[in-house]
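Student: Pasting a structure here, questions to come.
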Amino acid sequence: MPDEKNEIEKLIDNMISSGDEFVVNLKTVLPNSLSESVVMFHESNVTNLKKIREFLNK
């Protein structure tokens with residue numbers, strides 16, 4: 001099980017960093033109103049992913 005936790009944690013970290021990169025790239029091509037929505041959506045996803053990571057570490 002510890003190996004599975006490590007793999008899931010790596011996946012979560014990868015999802016967060018890839019999402020950060022994706023949002024930065026999208027902000028350059030989207031209008032401000034849409035880019036703000038994308039940023040808020042990503043921040044919500046990051047919060048949820050961090051909660052999942054916390055749950056796994058209990």
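Naming works like this for the structure tokens: A, B, ... for the chains as they're shown, residue 1 at the start of each chain, ligands 1 onward in shown order.
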Please provide the set of residues having any atom within 9 Å of range 7-20 of chain A, restricted to only C-alpha atoms, with same-chain residues fewer than 3 positions apart removed, written as JSON, numbers by chain.
Tutor: {"A": [2, 3, 4, 23, 24, 25, 39, 42, 45, 46, 49, 50, 52, 53, 56]}
Student: Please produce a file of the residues just selected, as a CSV table (one decimal), in the first residue's frame, where the atoms kept are C-alpha atoms.
Tutor:
```csv
chain,number,residue,atom,x,y,z
A,2,PRO,CA,2.8,2.5,0.7
A,3,ASP,CA,3.9,2.2,-3.0
A,4,GLU,CA,0.4,2.9,-4.1
A,23,VAL,CA,-3.5,27.8,-16.9
A,24,VAL,CA,-0.5,30.0,-17.5
A,25,ASN,CA,-0.6,29.1,-21.2
A,39,VAL,CA,-7.9,30.3,-12.8
A,42,HIS,CA,-8.0,25.4,-11.4
A,45,ASN,CA,-9.2,21.6,-8.4
A,46,VAL,CA,-5.9,22.1,-6.6
A,49,LEU,CA,-6.4,17.4,-4.9
A,50,LYS,CA,-4.6,18.6,-1.7
A,52,ILE,CA,-7.3,14.0,-1.3
A,53,ARG,CA,-3.5,13.9,-0.6
A,56,LEU,CA,-4.3,9.5,1.9
```
Student: In Å, how far is it from CA of Leu26 in chain A to CA of Val38 in chain A?
Tutor: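 Separation between CA of Leu26 in chain A and CA of Val38 in chain A: 8.2 Å.
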Student: CA of Lys5 in chain A and CA of Lys58 in chain A, how far apart in Å?
Tutor: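 One can read the CA of Lys58 in chain A to CA of Lys5 in chain A distance as 11.0 Å.
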